[in-house]
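Undergrad: Questions regarding the structure given below will be posed in turn.
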Amino acid sequence: MDTCACALELLGMLVYVGAWLCALTTTILPQWLTMSTALLPVESYELGLWETCVVQDVGGMECRAYDSLLGLSTDLKLARILMCAALAVGMLGILVGIPGLDLVHSCKEDSDQQTKRILIITGGVLGMVSGVLCLIPVSYMAHIAVMHFFDDKVPDVVPRWEFGDALYCGWAAGFLLVVAGVILITSSSCSQVEPQPVLQRRYQVMGTGVNYRKRTEYV
């Protein structure tokens, strides 16, 4: 395999792992949506997938987990399922793609190079699927926040949820997962063994025939 393909494989896998860690951080962070009220300017509220938090300007922060899974809204349930699915698919893609790297000394025989390419392509496809699964709940929660923020039926004095840091982290994670998958698939296509030209193969066959005739003349 040439140096360019090896560099693309290594770059894609590094971006893949970093994006997966970013997606894990997005799932854990409670700052999916934030809200501050004019009545209590010293306090702000944060909404996450697993808990809600109250943050005070003096530096204190108190979080409380949700009491019941059945009592959650449909939006949070969907976001939980999709983010967990994105993490599972992403981890599976990493575990599948690592043995296919050229730097990993496995399947080094010529007959097994096709297997390594299949592993890399499969890991790249799983990375792209993981990125899409990560982008869906993040974008959906952002869409809900925008719809409620610009709802004319809600009075202006009522506080509204706004974007939290976890949404931006989730967008970055989903985009990088898709990019990592594309890089891995591109590296596998660059590592294909190009077929020899027809004239070159013909000269090789002719040279082999001449050498064979020379050997037979001395017999």
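Going through the structure tokens in order, the chains are called A, B, and so on, while each chain numbers its residues from 1 and the ligands are numbered from 1 in the order shown.
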Please extract the residues of range 12-118 of chain A with a backbone DSSP assignment of strand (DSSP E) and present them as a list in words.
TA: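 Of range 12-118 of chain A, only Leu33, Thr34, Met35, Ser36, Glu43, Ser44, Tyr45, Glu46, Leu47, Glu51, Thr52, Cys53, Val54, Val55, Gln56, Met61, Glu62, Cys63, Arg64 and Ala65 of chain A fall in strand (DSSP E).
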Undergrad: Just the helix (DSSP H, G or I) stuff from range 49-172 of chain A, please, per backbone DSSP, written as number ranges by chain.
TA: A: 74-100, 110-149, 165-172
Undergrad: Under the rule that only C-alpha atoms are counted, which of A:Ala19, A:Leu70, A:Cys190, A:Leu49 is the nearest residue to Ala173 in chain A?
TA: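 Using only C-alpha atoms, Ala173 in chain A sits closest to A:Ala19.
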Undergrad: Could you check which of A:Ser73, A:Thr186, A:Ser68, A:Gln56 is closest to Ala7 in chain A, using only C-alpha atoms?
TA: A:Thr186
Undergrad: Would you mind reading off the distance between CA of Cys6 in chain A and CA of Ala88 in chain A, one decimal, in Å?
TA: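 For CA of Cys6 in chain A relative to CA of Ala88 in chain A, the distance reads 26.1 Å.
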Undergrad: Per residue of range 12-96 of chain A within 7 Å of range 121-129 of chain A, what are the shortest atom pair and its distance in Å to one decimal, counting only C-alpha atoms, with rows by chain and residue number, as CSV?
TA:
residue,atom,partner,partner_atom,distance
A:Val89,CA,A:Leu126,CA,6.2
A:Gly90,CA,A:Gly127,CA,5.5
A:Gly93,CA,A:Gly123,CA,4.2
A:Ile94,CA,A:Gly123,CA,6.3
A:Val96,CA,A:Gly123,CA,5.5
Undergrad: Please write the residues from the selection above to a file, keeping N, CA and C atoms, as a CSV table (one decimal), in the first residue's frame.
TA:
chain,number,residue,atom,x,y,z
A,89,VAL,N,-23.1,2.0,17.3
A,89,VAL,CA,-22.7,1.8,15.9
A,89,VAL,C,-21.3,2.4,15.7
A,90,GLY,N,-21.0,3.5,16.3
A,90,GLY,CA,-19.7,4.1,16.1
A,90,GLY,C,-18.6,3.2,16.7
A,93,GLY,N,-18.0,0.3,14.5
A,93,GLY,CA,-17.2,0.7,13.3
A,93,GLY,C,-15.7,0.8,13.7
A,94,ILE,N,-15.4,1.3,14.8
A,94,ILE,CA,-14.0,1.4,15.3
A,94,ILE,C,-13.4,0.0,15.4
A,96,VAL,N,-14.3,-2.7,14.0
A,96,VAL,CA,-14.2,-3.4,12.7
A,96,VAL,C,-13.1,-2.7,11.9
Undergrad: Check the smallest atom-to-atom distance from each of A:Lys153, A:Glu9, A:Cys63, A:Thr3 to Gly181 in chain A using only C-alpha atoms, then report the winner.
TA: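 Under the stated criterion, the closest residue is A:Glu9.
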Undergrad: When distances are computed from only C-alpha atoms, which of A:Leu33, A:Val104, A:Ala5, A:Val132 shows the smallest separation from Ile183 in chain A?
TA: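 Between A:Leu33, A:Val104, A:Ala5, A:Val132, the residue approaching Ile183 in chain A most closely is A:Ala5.
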Undergrad: Residues near Leu21 in chain A, anyone? I mean within 10 Å using only C-alpha atoms, not counting same-chain ones fewer than 3 positions away, as a ChimeraX atom specification.
TA: /A:15-18,24-27,87,90-91,173
Undergrad: Which polymer residues have any atom within 10 Å of an atom of Leu72 in chain A, counting only C-alpha atoms, with same-chain residues fewer than 5 positions away left out, as a list of chain:residue names?
TA: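 These residues fall inside the cut-off: A:Leu49, A:Trp50, A:Tyr66, A:Asp67, A:Lys77.
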Undergrad: Using only C-alpha atoms, determine which residues lie at most 8 Å from Trp171 in chain A, disregarding the query and same-chain residues fewer than 3 positions distant; provide the list as a count of residues only.
TA: 8
Undergrad: Hey, which of A:Thr74, A:Ser36, A:Gln113, A:Ser187 ends up closest to Met13 in chain A? Count only C-alpha atoms.
TA: A:Ser187
Undergrad: In terms of the shortest atom-to-atom distance over only C-alpha atoms, which of A:Leu101, A:Val178, A:Met83, A:Met147 is closest to Leu8 in chain A?
TA: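 Selected residue with least distance to Leu8 in chain A: A:Leu101.
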Undergrad: State, in Å with one decimal place, the distance from CA of Ala145 in chain A to CA of Val179 in chain A.
TA: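 Taking CA of Ala145 in chain A and CA of Val179 in chain A, their separation equals 27.0 Å.
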Undergrad: What's around Ala166 in chain A at 7 Å? Count only C-alpha atoms, leave out sequence neighbours fewer than 6 positions away in its own chain, and write the answer as a ChimeraX atom specification.
TA: /A:26,29,31-32
